[in-house]
Amino acid sequence: MLVDSHCHLSSEPVYDDLENVFARAKQNGVSAFLNAGSKFDELDVQLAISERYKNVWTLAGVHPHDALSYQNVSTQDVVSQTKNAKVVGIGECGLDYFYDFAPKDVQKSVFLKMIEAAQISALPLVVHTRDADDDTISMLQEAYKQKAFKGVIHCFSSSERLAFEALDIGFYISASGMITFKNAQALRDIFKKIPLDRLLVETDTPYLAPVPVRGKTNEPANVFYTAQVLADIKGLDLNQISAITTKNFFDLFDKAK
């Protein structure tokens, strides 16, 4: 059994083909899914998917790209979005200084509300970070000093320093299709050092399709390829890495048990 720990099932063209998407996932041994949120306006659609299909959980959060639209969000606003039994975490959220769709101060303000909500709700935080290592590390560490919380750096593609600073506060690190890319040896080298009990796998559907389907629309079935490369990196077979990452998923997202 494999878990796709981060996918966007309400994104086109995946949403228009869900029956076949889930059928192909089943053929590749993928039987549980975490449908990531980008903004609260999409939560109803995400929950409808969770109600229709088995073993699909969801997140509630605000992506840094959408931070401007939610700059007045309160911590309690975030917590209130997590009451449904199928909402098992907060995110995705974080900082993205590559695209910089929102001013950095707005991104940081919204991210802080997500962190505070994770502290209050005891739900894991799903963090997006791009070209923002220093601020991501600083914000997570400062908040953790005030009150512990748990989470994952999703679709990890950052520095080794960020990985180990996150590991130091108990976070997990999630591998996406990027670890399969020919030019990603430095990323594979980082994953070689990450403890087995802190690893997750994901597709980030519909983005970042792995080799051998790179360039196509990604979907949960393709987490199989990422898991195989991660198994190779760790010197394990696919069944072993599948069991490990599945256990890790349910350890972190314990509301999904």
# chains A, B, ... in the order shown; residues from 1 in each chain; ligands from 1
>>> residues_around(residues="Val229 of chain A", least_positions_apart="4", cutoff="7 Å", atoms="only C-alpha atoms", output="PDB file with N, CA and C atoms, in the first residue's frame")
ATOM      1  N   THR A 180      13.256  12.010  -8.876  1.00  0.00           N
ATOM      2  CA  THR A 180      13.499  11.139 -10.033  1.00  0.00           C
ATOM      3  C   THR A 180      14.184  11.871 -11.180  1.00  0.00           C
ATOM      4  N   TYR A 225       6.407   5.661  -8.821  1.00  0.00           N
ATOM      5  CA  TYR A 225       7.745   5.893  -9.372  1.00  0.00           C
ATOM      6  C   TYR A 225       8.642   6.623  -8.374  1.00  0.00           C
ATOM      7  N   ILE A 233      17.329   4.885  -3.200  1.00  0.00           N
ATOM      8  CA  ILE A 233      18.193   5.796  -2.447  1.00  0.00           C
ATOM      9  C   ILE A 233      18.511   5.216  -1.069  1.00  0.00           C
TER      10      ILE A 233
END
>>> residues_around(residues="segment 119-127 of chain A", least_positions_apart="2", cutoff="7 Å", atoms="only C-alpha atoms", output="list in words")
Val79, Val88, Gly89, Ile90, Gly91, Glu92, Cys93, Gly94, Ile115, Glu116, Ala117, Thr129, Lys147, Ala148, Phe149, Lys150, Gly151, Val152, Ile153, His154, Leu252 and Phe253 of chain A
>>> closest_atom_pairs(of="segment 136-216 of chain A", to="segment 15-37 of chain A", cutoff="10 Å", atoms="only C-alpha atoms", output="CSV")
residue,atom,partner,partner_atom,distance
A:Glu202,CA,A:Leu34,CA,9.0
A:Asp204,CA,A:Ala36,CA,8.4
A:Thr205,CA,A:Asn35,CA,9.3
A:Pro206,CA,A:Tyr15,CA,9.9
>>> closest_residue(among="A:Cys155, A:Met178, A:Ala118, A:Leu167", to="Pro212 of chain A", atoms="only C-alpha atoms")
A:Met178
>>> select_by_dssp(residues="segment 179-247 of chain A", states="helix (DSSP H, G or I)", output="PyMOL selection string")
chain A and resi 179-180+185-193+196-198+220-234+238-247
>>> atom_distance(atom1="atom CA of Ala102 of chain A", atom2="atom CA of Ser38 of chain A")
14.0 Å
>>> residues_around(residues="Ser109 of chain A", least_positions_apart="2", cutoff="12 Å", atoms="only C-alpha atoms", output="MDAnalysis selection string")
chainID A and resid 62 64 67:68 70:75 93:95 102:107 111:116 135 139
>>> write_last_selection(atoms="C-alpha atoms", output="short mmCIF file (atom, residue, chain, number, x, y, z; two decimals), in the first residue's frame")
data_model
loop_
_atom_site.label_atom_id
_atom_site.label_comp_id
_atom_site.auth_asym_id
_atom_site.auth_seq_id
_atom_site.Cartn_x
_atom_site.Cartn_y
_atom_site.Cartn_z
CA VAL A 62 -3.90 29.15 2.52
CA PRO A 64 1.38 31.71 -0.01
CA ALA A 67 -2.00 35.14 0.94
CA LEU A 68 -3.18 38.55 -0.27
CA TYR A 70 -6.59 36.12 3.13
CA GLN A 71 -4.39 38.77 4.72
CA ASN A 72 -7.03 39.47 7.38
CA VAL A 73 -7.52 35.84 8.34
CA SER A 74 -7.47 35.13 12.07
CA THR A 75 -6.09 32.10 13.85
CA CYS A 93 0.84 27.07 3.72
CA GLY A 94 4.20 28.75 4.00
CA LEU A 95 6.45 31.13 2.11
CA ALA A 102 2.13 38.38 -2.23
CA PRO A 103 4.43 40.74 -0.30
CA LYS A 104 6.72 38.91 2.09
CA ASP A 105 5.22 40.54 5.17
CA VAL A 106 1.74 39.39 4.11
CA GLN A 107 2.96 35.85 3.45
CA PHE A 111 1.76 31.71 7.64
CA LEU A 112 1.95 32.64 11.32
CA LYS A 113 -1.83 32.25 11.61
CA MET A 114 -1.54 28.77 10.13
CA ILE A 115 1.21 27.86 12.60
CA GLU A 116 -0.85 29.15 15.51
CA ASP A 135 12.47 32.90 7.09
CA MET A 139 9.37 31.20 11.89
#
>>> select_by_dssp(residues="segment 28-243 of chain A", states="strand (DSSP E or B)", output="PDB file with C-alpha atoms, in the first residue's frame")
ATOM      1  CA  VAL A  30      -1.943   3.602  -4.146  1.00  0.00           C
ATOM      2  CA  SER A  31      -4.942   3.407  -1.853  1.00  0.00           C
ATOM      3  CA  ALA A  32      -4.898   6.491   0.385  1.00  0.00           C
ATOM      4  CA  PHE A  33      -4.717  10.158  -0.538  1.00  0.00           C
ATOM      5  CA  LEU A  34      -4.278  13.540   1.134  1.00  0.00           C
ATOM      6  CA  ASN A  35      -5.984  16.240  -0.913  1.00  0.00           C
ATOM      7  CA  VAL A  56      -9.327  10.548   0.758  1.00  0.00           C
ATOM      8  CA  TRP A  57      -8.567  13.075   3.465  1.00  0.00           C
ATOM      9  CA  THR A  58      -8.032  16.777   3.041  1.00  0.00           C
ATOM     10  CA  LEU A  59      -6.236  19.843   4.345  1.00  0.00           C
ATOM     11  CA  ALA A  60      -7.489  23.331   5.085  1.00  0.00           C
ATOM     12  CA  VAL A  87      -9.792  17.601   7.545  1.00  0.00           C
ATOM     13  CA  VAL A  88      -6.643  16.071   9.016  1.00  0.00           C
ATOM     14  CA  GLY A  89      -4.122  18.896   8.718  1.00  0.00           C
ATOM     15  CA  ILE A  90      -3.490  22.561   8.000  1.00  0.00           C
ATOM     16  CA  GLY A  91      -2.071  23.606   4.661  1.00  0.00           C
ATOM     17  CA  GLU A  92      -0.635  23.843   2.424  1.00  0.00           C
ATOM     18  CA  CYS A  93       0.839  27.067   3.715  1.00  0.00           C
ATOM     19  CA  GLY A  94       4.197  28.749   3.999  1.00  0.00           C
ATOM     20  CA  LEU A  95       6.449  31.125   2.114  1.00  0.00           C
ATOM     21  CA  ASP A  96       7.236  31.415  -1.588  1.00  0.00           C
ATOM     22  CA  LEU A 125       1.157  21.734   9.450  1.00  0.00           C
ATOM     23  CA  VAL A 126       1.923  21.131   5.763  1.00  0.00           C
ATOM     24  CA  VAL A 127       4.591  23.610   4.719  1.00  0.00           C
ATOM     25  CA  HIS A 128       5.371  24.942   1.248  1.00  0.00           C
ATOM     26  CA  THR A 129       8.689  26.773   1.083  1.00  0.00           C
ATOM     27  CA  ARG A 130      10.563  28.047  -1.957  1.00  0.00           C
ATOM     28  CA  GLY A 151       4.263  18.976  10.466  1.00  0.00           C
ATOM     29  CA  VAL A 152       5.927  18.177   7.168  1.00  0.00           C
ATOM     30  CA  ILE A 153       7.944  20.051   4.592  1.00  0.00           C
ATOM     31  CA  TYR A 172       8.744  14.990   8.401  1.00  0.00           C
ATOM     32  CA  ILE A 173      10.191  15.493   4.899  1.00  0.00           C
ATOM     33  CA  SER A 174       8.188  14.549   1.807  1.00  0.00           C
ATOM     34  CA  ALA A 175       9.685  13.356  -1.467  1.00  0.00           C
ATOM     35  CA  LEU A 199       9.884  10.194   5.211  1.00  0.00           C
ATOM     36  CA  LEU A 200       6.722  10.636   3.184  1.00  0.00           C
ATOM     37  CA  VAL A 201       6.047  10.355  -0.557  1.00  0.00           C
ATOM     38  CA  THR A 205      -0.699  16.289  -8.506  1.00  0.00           C
TER      39      THR A 205
END
